[in-house]
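Text of the file target17.cif, holding mmCIF, C-alpha atoms:
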data_coords
loop_
_atom_site.group_PDB
_atom_site.id
_atom_site.type_symbol
_atom_site.label_atom_id
_atom_site.label_comp_id
_atom_site.auth_asym_id
_atom_site.auth_seq_id
_atom_site.Cartn_x
_atom_site.Cartn_y
_atom_site.Cartn_z
ATOM 1 C CA MET A 1 0.000 0.000 0.000
ATOM 2 C CA THR A 2 2.761 2.415 1.004
ATOM 3 C CA ASN A 3 4.692 1.592 -2.142
ATOM 4 C CA GLN A 4 1.652 2.347 -4.281
ATOM 5 C CA VAL A 5 1.257 5.715 -2.608
ATOM 6 C CA ASP A 6 4.952 6.460 -3.131
ATOM 7 C CA GLU A 7 4.748 5.458 -6.777
ATOM 8 C CA THR A 8 1.905 7.877 -7.391
ATOM 9 C CA ARG A 9 3.682 10.619 -5.457
ATOM 10 C CA PHE A 10 6.900 10.355 -7.433
ATOM 11 C CA PRO A 11 6.138 9.139 -10.956
ATOM 12 C CA ALA A 12 9.212 10.890 -12.382
ATOM 13 C CA VAL A 13 11.422 9.019 -9.936
ATOM 14 C CA ASP A 14 9.746 5.783 -11.051
ATOM 15 C CA ARG A 15 10.510 6.641 -14.661
ATOM 16 C CA LEU A 16 14.084 7.334 -13.633
ATOM 17 C CA ARG A 17 14.272 3.887 -12.045
ATOM 18 C CA GLU A 18 12.819 2.202 -15.119
ATOM 19 C CA THR A 19 15.195 4.027 -17.455
ATOM 20 C CA LEU A 20 18.282 3.239 -15.406
ATOM 21 C CA ARG A 21 17.192 -0.368 -14.909
ATOM 22 C CA ALA A 22 16.632 -0.853 -18.649
ATOM 23 C CA ASP A 23 20.005 0.726 -19.467
ATOM 24 C CA LEU A 24 21.753 -1.441 -16.905
ATOM 25 C CA MET A 25 20.118 -4.638 -18.110
ATOM 26 C CA ARG A 26 20.855 -3.842 -21.743
ATOM 27 C CA ALA A 27 24.486 -3.091 -20.931
ATOM 28 C CA ALA A 28 24.684 -6.274 -18.876
ATOM 29 C CA ARG A 29 23.587 -8.350 -21.853
ATOM 30 C CA THR A 30 25.741 -6.661 -24.472
ATOM 31 C CA SER A 31 28.902 -5.505 -22.776
ATOM 32 C CA PRO A 32 31.701 -8.054 -23.132
ATOM 33 C CA ARG A 33 33.098 -6.964 -19.777
ATOM 34 C CA THR A 34 29.995 -8.196 -18.007
ATOM 35 C CA ARG A 35 29.872 -11.655 -19.544
ATOM 36 C CA PRO A 36 31.288 -14.640 -17.665
ATOM 37 C CA ARG A 37 35.048 -15.021 -18.033
ATOM 38 C CA PHE A 38 34.801 -18.169 -20.158
ATOM 39 C CA PHE A 39 32.582 -16.417 -22.693
ATOM 40 C CA ARG A 40 34.822 -13.377 -22.709
ATOM 41 C CA ARG A 41 37.793 -15.612 -23.556
ATOM 42 C CA ARG A 42 35.943 -17.879 -25.950
ATOM 43 C CA ARG A 43 36.792 -15.833 -29.035
ATOM 44 C CA MET A 44 40.456 -15.658 -28.084
ATOM 45 C CA ILE A 45 40.556 -19.432 -27.483
ATOM 46 C CA ALA A 46 38.966 -20.073 -30.895
ATOM 47 C CA VAL A 47 41.530 -17.834 -32.622
ATOM 48 C CA VAL A 48 44.422 -19.604 -30.891
ATOM 49 C CA VAL A 49 43.074 -23.051 -31.852
ATOM 50 C CA VAL A 50 42.628 -22.025 -35.491
ATOM 51 C CA LEU A 51 46.112 -20.520 -35.599
ATOM 52 C CA LEU A 52 47.609 -23.686 -34.076
ATOM 53 C CA ALA A 53 45.929 -25.730 -36.798
ATOM 54 C CA ILE A 54 46.664 -23.424 -39.706
ATOM 55 C CA ILE A 55 50.256 -22.362 -39.096
ATOM 56 C CA PRO A 56 51.937 -25.828 -39.213
ATOM 57 C CA ALA A 57 49.832 -26.815 -42.257
ATOM 58 C CA ALA A 58 50.751 -23.588 -44.043
ATOM 59 C CA LEU A 59 54.430 -24.036 -43.265
ATOM 60 C CA ALA A 60 54.328 -27.653 -44.494
ATOM 61 C CA GLY A 61 52.518 -26.531 -47.652
ATOM 62 C CA ALA A 62 55.219 -23.962 -48.257
ATOM 63 C CA GLY A 63 57.821 -26.752 -48.029
ATOM 64 C CA VAL A 64 59.576 -25.298 -45.005
ATOM 65 C CA PHE A 65 60.054 -28.769 -43.500
ATOM 66 C CA ASP A 66 61.154 -30.509 -46.774
ATOM 67 C CA SER A 67 64.768 -31.526 -47.350
ATOM 68 C CA PRO A 68 66.255 -30.091 -50.521
ATOM 69 C CA ASP A 69 66.363 -32.664 -53.375
ATOM 70 C CA ASP A 70 69.376 -31.336 -55.203
ATOM 71 C CA VAL A 71 72.185 -30.813 -52.778
ATOM 72 C CA GLU A 72 75.251 -29.346 -54.344
ATOM 73 C CA TYR A 73 78.566 -30.376 -52.826
ATOM 74 C CA GLU A 74 81.750 -28.469 -53.431
ATOM 75 C CA CYS A 75 83.670 -31.725 -53.584
ATOM 76 C CA PRO A 76 82.906 -33.733 -56.796
ATOM 77 C CA GLU A 77 83.466 -37.102 -55.065
ATOM 78 C CA ALA A 78 80.960 -36.242 -52.341
ATOM 79 C CA GLN A 79 78.511 -35.089 -54.987
ATOM 80 C CA ARG A 80 78.914 -38.434 -56.818
ATOM 81 C CA GLN A 81 78.353 -40.418 -53.618
ATOM 82 C CA HIS A 82 75.249 -38.342 -52.901
ATOM 83 C CA ASP A 83 73.899 -38.849 -56.421
ATOM 84 C CA ASP A 84 74.535 -42.606 -56.247
ATOM 85 C CA SER A 85 73.099 -43.047 -52.799
ATOM 86 C CA LYS A 86 69.834 -44.854 -52.252
ATOM 87 C CA VAL A 87 68.196 -44.305 -48.988
ATOM 88 C CA VAL A 88 66.983 -47.520 -47.373
ATOM 89 C CA VAL A 89 64.906 -47.357 -44.252
ATOM 90 C CA GLY A 90 65.389 -50.031 -41.572
ATOM 91 C CA ALA A 91 68.194 -52.265 -40.432
ATOM 92 C CA PRO A 92 70.430 -53.719 -43.196
ATOM 93 C CA VAL A 93 69.745 -57.385 -43.967
ATOM 94 C CA GLU A 94 73.412 -58.045 -44.661
ATOM 95 C CA GLY A 95 76.705 -56.344 -44.185
ATOM 96 C CA PRO A 96 78.518 -55.148 -41.089
ATOM 97 C CA ASP A 97 75.486 -53.336 -39.660
ATOM 98 C CA ALA A 98 73.113 -56.296 -40.132
ATOM 99 C CA PRO A 99 71.731 -57.716 -36.871
ATOM 100 C CA GLY A 100 73.992 -60.488 -35.582
ATOM 101 C CA SER A 101 76.990 -59.521 -37.682
ATOM 102 C CA VAL A 102 80.314 -58.649 -36.126
ATOM 103 C CA ARG A 103 81.342 -55.143 -36.811
ATOM 104 C CA GLN A 104 84.892 -54.736 -37.982
ATOM 105 C CA GLU A 105 86.947 -52.255 -36.103
ATOM 106 C CA ALA A 106 86.596 -48.948 -37.812
ATOM 107 C CA SER A 107 89.423 -46.607 -38.500
ATOM 108 C CA THR A 108 89.884 -43.971 -35.869
ATOM 109 C CA GLN A 109 90.099 -41.317 -38.580
ATOM 110 C CA PRO A 110 86.899 -40.572 -40.527
ATOM 111 C CA GLU A 111 87.231 -41.004 -44.238
ATOM 112 C CA ASP A 112 86.932 -37.874 -46.246
ATOM 113 C CA PRO A 113 86.312 -38.590 -49.925
ATOM 114 C CA CYS A 114 87.754 -35.251 -50.838
ATOM 115 C CA ASP A 115 91.164 -35.768 -49.197
ATOM 116 C CA MET B 1 21.829 -11.993 -7.978
ATOM 117 C CA ARG B 2 24.616 -13.014 -10.293
ATOM 118 C CA GLN B 3 22.237 -13.354 -13.228
ATOM 119 C CA PRO B 4 21.099 -10.128 -14.912
ATOM 120 C CA GLU B 5 17.402 -10.848 -14.231
ATOM 121 C CA ALA B 6 17.992 -11.432 -10.519
ATOM 122 C CA PHE B 7 20.108 -8.308 -10.373
ATOM 123 C CA GLY B 8 17.190 -6.427 -11.972
ATOM 124 C CA ASP B 9 14.940 -7.500 -9.099
ATOM 125 C CA PHE B 10 17.607 -6.447 -6.616
ATOM 126 C CA PHE B 11 17.816 -3.079 -8.382
ATOM 127 C CA ASP B 12 14.045 -2.588 -8.174
ATOM 128 C CA ALA B 13 14.010 -3.427 -4.485
ATOM 129 C CA TYR B 14 16.741 -0.982 -3.445
ATOM 130 C CA PHE B 15 16.834 1.786 -6.042
ATOM 131 C CA GLU B 16 14.508 4.215 -4.307
ATOM 132 C CA ASP B 17 15.932 3.711 -0.824
ATOM 133 C CA LEU B 18 19.486 4.101 -2.046
ATOM 134 C CA LEU B 19 18.596 7.153 -4.134
ATOM 135 C CA ARG B 20 16.920 8.776 -1.135
ATOM 136 C CA TYR B 21 19.859 7.930 1.142
ATOM 137 C CA LEU B 22 22.538 9.227 -1.232
ATOM 138 C CA THR B 23 20.600 12.359 -2.164
ATOM 139 C CA ARG B 24 20.203 13.240 1.494
ATOM 140 C CA ARG B 25 23.830 12.505 2.262
ATOM 141 C CA ALA B 26 25.113 14.513 -0.699
ATOM 142 C CA CYS B 27 22.401 17.132 -0.083
ATOM 143 C CA ASP B 28 21.989 17.330 -3.852
ATOM 144 C CA ALA B 29 19.584 15.565 -6.232
ATOM 145 C CA GLU B 30 21.960 15.343 -9.181
ATOM 146 C CA ALA B 31 24.821 14.044 -7.070
ATOM 147 C CA GLY B 32 22.439 11.558 -5.435
ATOM 148 C CA LEU B 33 21.442 10.183 -8.817
ATOM 149 C CA ASP B 34 25.057 10.067 -10.029
ATOM 150 C CA LEU B 35 26.103 8.171 -6.923
ATOM 151 C CA THR B 36 23.153 5.776 -7.113
ATOM 152 C CA ALA B 37 23.775 4.931 -10.767
ATOM 153 C CA GLU B 38 27.495 4.412 -10.181
ATOM 154 C CA SER B 39 26.877 2.305 -7.058
ATOM 155 C CA PHE B 40 24.530 -0.047 -8.907
ATOM 156 C CA ALA B 41 26.869 -0.245 -11.900
ATOM 157 C CA GLN B 42 29.755 -1.095 -9.601
ATOM 158 C CA ALA B 43 27.642 -3.644 -7.723
ATOM 159 C CA TYR B 44 26.742 -5.283 -11.018
ATOM 160 C CA LEU B 45 30.334 -5.442 -12.216
ATOM 161 C CA SER B 46 31.597 -6.869 -8.931
ATOM 162 C CA ARG B 47 28.605 -9.127 -8.205
ATOM 163 C CA ARG B 48 30.757 -12.265 -8.446
ATOM 164 C CA ARG B 49 32.757 -11.083 -5.461
ATOM 165 C CA PHE B 50 29.615 -10.947 -3.314
ATOM 166 C CA ARG B 51 29.872 -13.840 -0.865
ATOM 167 C CA GLY B 52 26.611 -13.408 1.024
ATOM 168 C CA SER B 53 23.450 -15.406 0.580
ATOM 169 C CA THR B 54 20.654 -13.390 2.165
ATOM 170 C CA GLU B 55 18.860 -10.277 0.978
ATOM 171 C CA GLY B 56 20.063 -8.424 4.060
ATOM 172 C CA GLU B 57 23.681 -9.242 3.242
ATOM 173 C CA ALA B 58 23.148 -8.103 -0.333
ATOM 174 C CA ALA B 59 21.701 -4.795 0.884
ATOM 175 C CA ALA B 60 24.595 -4.278 3.306
ATOM 176 C CA TRP B 61 27.041 -5.003 0.495
ATOM 177 C CA LEU B 62 25.315 -2.451 -1.777
ATOM 178 C CA TYR B 63 25.383 0.211 0.930
ATOM 179 C CA ARG B 64 29.084 -0.444 1.561
ATOM 180 C CA ILE B 65 29.718 0.258 -2.117
ATOM 181 C CA ALA B 66 27.523 3.370 -1.923
ATOM 182 C CA LYS B 67 29.328 4.682 1.164
ATOM 183 C CA ARG B 68 32.676 4.281 -0.547
ATOM 184 C CA GLN B 69 31.299 6.256 -3.480
ATOM 185 C CA LEU B 70 29.986 8.909 -1.141
ATOM 186 C CA ALA B 71 33.306 9.231 0.686
ATOM 187 C CA ARG B 72 35.046 9.626 -2.645
ATOM 188 C CA TYR B 73 32.471 12.209 -3.683
ATOM 189 C CA PHE B 74 33.165 14.272 -0.581
ATOM 190 C CA ARG B 75 36.898 13.909 -1.104
ATOM 191 C CA LYS B 76 36.994 14.732 -4.811
ATOM 192 C CA GLY B 77 33.897 16.862 -5.146
ATOM 193 C CA ALA B 78 32.501 14.745 -7.988
ATOM 194 C CA ALA B 79 30.859 11.357 -8.293
ATOM 195 C CA GLU B 80 32.919 8.626 -9.885
ATOM 196 C CA GLN B 81 31.647 7.252 -13.215
ATOM 197 C CA ARG B 82 34.142 4.462 -13.800
ATOM 198 C CA ALA B 83 31.702 1.552 -13.589
ATOM 199 C CA LEU B 84 29.116 3.376 -15.693
ATOM 200 C CA ARG B 85 31.730 3.990 -18.379
ATOM 201 C CA ARG B 86 32.813 0.344 -18.281
ATOM 202 C CA LEU B 87 29.222 -0.621 -18.999
ATOM 203 C CA GLY B 88 28.981 2.037 -21.702
ATOM 204 C CA LEU B 89 26.283 3.854 -19.725
ATOM 205 C CA GLU B 90 25.460 7.403 -18.835
ATOM 206 C CA ARG B 91 23.161 8.174 -15.980
ATOM 207 C CA PRO B 92 19.709 9.353 -17.128
ATOM 208 C CA GLU B 93 19.203 13.065 -17.654
ATOM 209 C CA LEU B 94 17.600 14.823 -14.721
ATOM 210 C CA ASP B 95 14.862 17.209 -15.847
ATOM 211 C CA LEU B 96 13.473 19.864 -13.567
ATOM 212 C CA GLU B 97 10.330 17.931 -12.616
ATOM 213 C CA THR B 98 12.305 14.794 -11.759
ATOM 214 C CA GLU B 99 14.768 16.853 -9.730
ATOM 215 C CA ARG B 100 11.925 18.407 -7.741
ATOM 216 C CA GLN B 101 10.350 15.031 -7.066
ATOM 217 C CA LEU B 102 13.705 13.652 -6.032
ATOM 218 C CA GLU B 103 14.219 16.550 -3.634
ATOM 219 C CA ARG B 104 10.783 15.841 -2.131
ATOM 220 C CA LEU B 105 11.554 12.129 -1.935
ATOM 221 C CA ALA B 106 14.719 12.887 0.011
ATOM 222 C CA SER B 107 13.142 15.747 2.005
ATOM 223 C CA LEU B 108 16.072 17.880 0.924
ATOM 224 C CA ASN B 109 14.487 21.165 1.943
ATOM 225 C CA GLU B 110 14.179 19.997 5.530
ATOM 226 C CA VAL B 111 17.718 18.699 5.459
ATOM 227 C CA ARG B 112 18.999 22.022 4.113
ATOM 228 C CA VAL B 113 17.108 24.034 6.717
ATOM 229 C CA ALA B 114 18.473 21.837 9.481
ATOM 230 C CA LEU B 115 21.977 22.061 8.043
ATOM 231 C CA SER B 116 21.746 25.813 7.749
ATOM 232 C CA ALA B 117 20.550 26.098 11.344
ATOM 233 C CA GLU B 118 23.447 23.983 12.552
ATOM 234 C CA LEU B 119 25.904 26.029 10.496
ATOM 235 C CA ASN B 120 24.590 29.184 12.138
ATOM 236 C CA GLU B 121 25.370 27.671 15.521
ATOM 237 C CA LEU B 122 29.046 27.417 14.631
ATOM 238 C CA SER B 123 31.542 30.020 15.729
ATOM 239 C CA PRO B 124 32.508 32.489 12.971
ATOM 240 C CA ALA B 125 36.023 31.047 12.788
ATOM 241 C CA ARG B 126 34.754 27.511 12.296
ATOM 242 C CA ARG B 127 32.051 28.531 9.874
ATOM 243 C CA GLU B 128 34.604 30.417 7.799
ATOM 244 C CA ALA B 129 36.960 27.406 7.765
ATOM 245 C CA LEU B 130 34.129 25.184 6.587
ATOM 246 C CA GLN B 131 33.018 27.714 4.000
ATOM 247 C CA LEU B 132 36.523 28.008 2.522
ATOM 248 C CA ARG B 133 37.197 24.290 2.437
ATOM 249 C CA VAL B 134 33.791 22.685 1.723
ATOM 250 C CA ILE B 135 31.832 25.346 -0.161
ATOM 251 C CA ASP B 136 34.664 27.176 -1.955
ATOM 252 C CA GLU B 137 36.694 23.924 -2.254
ATOM 253 C CA LEU B 138 39.990 25.659 -1.618
ATOM 254 C CA PRO B 139 43.117 23.632 -0.873
ATOM 255 C CA TYR B 140 44.149 23.534 2.771
ATOM 256 C CA ARG B 141 47.203 25.663 2.042
ATOM 257 C CA GLU B 142 44.935 28.465 0.809
ATOM 258 C CA VAL B 143 42.472 27.967 3.689
ATOM 259 C CA ALA B 144 45.376 28.288 6.106
ATOM 260 C CA ARG B 145 46.679 31.420 4.382
ATOM 261 C CA ARG B 146 43.292 33.133 4.537
ATOM 262 C CA LEU B 147 42.685 32.164 8.148
ATOM 263 C CA GLU B 148 46.295 33.130 9.027
ATOM 264 C CA ILE B 149 46.954 29.809 10.725
ATOM 265 C CA SER B 150 49.156 26.828 9.887
ATOM 266 C CA GLU B 151 48.019 24.239 7.356
ATOM 267 C CA ALA B 152 47.872 21.558 10.071
ATOM 268 C CA ALA B 153 45.691 23.829 12.208
ATOM 269 C CA ALA B 154 43.396 24.491 9.239
ATOM 270 C CA ARG B 155 42.980 20.757 8.647
ATOM 271 C CA ALA B 156 42.253 20.157 12.308
ATOM 272 C CA ARG B 157 39.720 22.979 12.441
ATOM 273 C CA VAL B 158 37.799 21.788 9.389
ATOM 274 C CA SER B 159 37.868 18.176 10.523
ATOM 275 C CA ARG B 160 36.702 19.019 14.058
ATOM 276 C CA THR B 161 33.943 21.243 12.722
ATOM 277 C CA LEU B 162 32.666 18.548 10.366
ATOM 278 C CA ARG B 163 32.616 16.009 13.208
ATOM 279 C CA GLU B 164 30.670 18.362 15.438
ATOM 280 C CA LEU B 165 28.272 19.205 12.639
ATOM 281 C CA ALA B 166 27.673 15.522 11.980
ATOM 282 C CA ALA B 167 27.067 14.880 15.672
ATOM 283 C CA ALA B 168 24.591 17.776 15.844
ATOM 284 C CA LEU B 169 22.726 16.576 12.756
ATOM 285 C CA ASN B 170 22.510 13.091 14.253
ATOM 286 C CA GLN B 171 20.572 14.558 17.162
ATOM 287 C CA ASN B 172 18.061 16.093 14.758
ATOM 288 C CA PRO B 173 15.154 13.763 13.834
ATOM 289 C CA ILE B 174 15.003 15.264 10.332
ATOM 290 C CA THR B 175 18.616 14.664 9.529
ATOM 291 C CA GLU B 176 19.615 11.750 11.723
ATOM 292 C CA GLU B 177 20.010 9.383 8.793
ATOM 293 C CA VAL B 178 21.948 11.984 6.832
ATOM 294 C CA THR B 179 25.196 11.538 8.720
#

Represent the structure from my file as structure tokens, please.
Amino acid sequence: MTNQVDETRFPAVDRLRETLRADLMRAARTSPRTRPRFFRRRRMIAVVVVLLAIIPAALAGAGVFDSPDDVEYECPEAQRQHDDSKVVVGAPVEGPDAPGSVRQEASTQPEDPCD
Amino acid sequence: MRQPEAFGDFFDAYFEDLLRYLTRRACDAEAGLDLTAESFAQAYLSRRRFRGSTEGEAAAWLYRIAKRQLARYFRKGAAEQRALRRLGLERPELDLETERQLERLASLNEVRVALSAELNELSPARREALQLRVIDELPYREVARRLEISEAAARARVSRTLRELAAALNQNPITEEVT
């Protein structure tokens, strides 16, 4: 009852309340600063995830991780060995490095084909 | 209260009381509205820090925010608008009719008459100190120069006068909730 009397006594103050309330509620729904922290960070998290997915793929597409096919050696003998080489993956089936074979003692000095 | 809708209900329940309280304390309708809007905006922004569970605790928390705003208003001479700006808000315009209703709501005329009567009870030296510092908003150095006393003495005089004025207003039934 008292509230009703007050409301009729001060209608302009009631309008003030309604205006400020509406402004506050609208700002609360739209302002990013008022949203929960997870939702505020959601866009940033999405950008980071996309960048993490795109950057390695783009670098691989640009061939950043590929080994060069045509290596040029200054030493002709090294170049010949490189050109003749065939890369075989896995343990050798025969030879000194084959499983079970006895490795011959290697020279203490590395061989340099260009010496 | 953490959800916007619940905060809206909280706003409805306390807006008028807080507006009346702050208008009476600031003795000014516009300042009362500024302080009320900023207090609610700040309460909304910091609502996750509210640890209470009852309506009474929520009201006490809101009034603590409001009192901090009021103390700052008295210190700086202007209401803070930081929380309102963060929300992208401006407080509603106060037209003449609304201002008059707000002054009636807060019984500002009675408060002003009582305040004026209490000011007239002060000694001329104290009244002048209060006038220079509170009304004219002069720095203490200037207050001291005009009163021909030290700056420390000027501060003490103004502070003592304000305390006595507050105590006197607390004895007055019209203004007891003002101080």

Determine, for each residue of chain B having at least one atom at most 6 Å from an atom of chain A, the closest pair of atoms and their separation in Å to one decimal, counting only C-alpha atoms; order by chain and ascending number, as a tab-separated table.
residue	atom	partner	partner_atom	distance
B:Leu87	CA	A:Ala27	CA	5.7
B:Thr98	CA	A:Ala12	CA	5.0
B:Gln101	CA	A:Phe10	CA	5.8

I need the residues from that last selection saved to file as a PDB file, in the coordinates of the input (with C-alpha atoms), if you can.
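File written: again12.pdb
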ATOM      1  CA  LEU B  87      29.222  -0.621 -18.999  1.00  0.00           C
ATOM      2  CA  THR B  98      12.305  14.794 -11.759  1.00  0.00           C
ATOM      3  CA  GLN B 101      10.350  15.031  -7.066  1.00  0.00           C
TER       4      GLN B 101
END

field: d(CA of Ser53 (chain B), CA of Gln3 (chain B)) in Å
entry: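 Taking CA of Ser53 (chain B) as the start and CA of Gln3 (chain B) as the end point, the length is 14.0 Å.
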
- prompt: Distance CA of Ser123 (chain B)-CA of Ala78 (chain B), one decimal place?
  reply: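 Taking CA of Ser123 (chain B) and CA of Ala78 (chain B), their separation equals 28.2 Å.
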
query: Restricting the calculation to only C-alpha atoms, which member of B:Asp28, B:Ala168, B:Ala13, B:Leu132 is positioned closest to Leu108 (chain B)?
result: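 Ranked by minimum distance to Leu108 (chain B), first place goes to B:Asp28.
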
- prompt: Using only C-alpha atoms, which of the listed residues (B:Arg104, B:Ala79, B:Arg133, B:Leu115) sits closest to Leu165 (chain B)?
  reply: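 Of the candidates, the smallest distance to Leu165 (chain B) is held by B:Leu115.
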
message: Using Å and a single decimal, report how far CA of Pro92 (chain B) sits from CA of Thr36 (chain B).
response: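 Rounded to one decimal, the two atoms are 11.2 Å apart.
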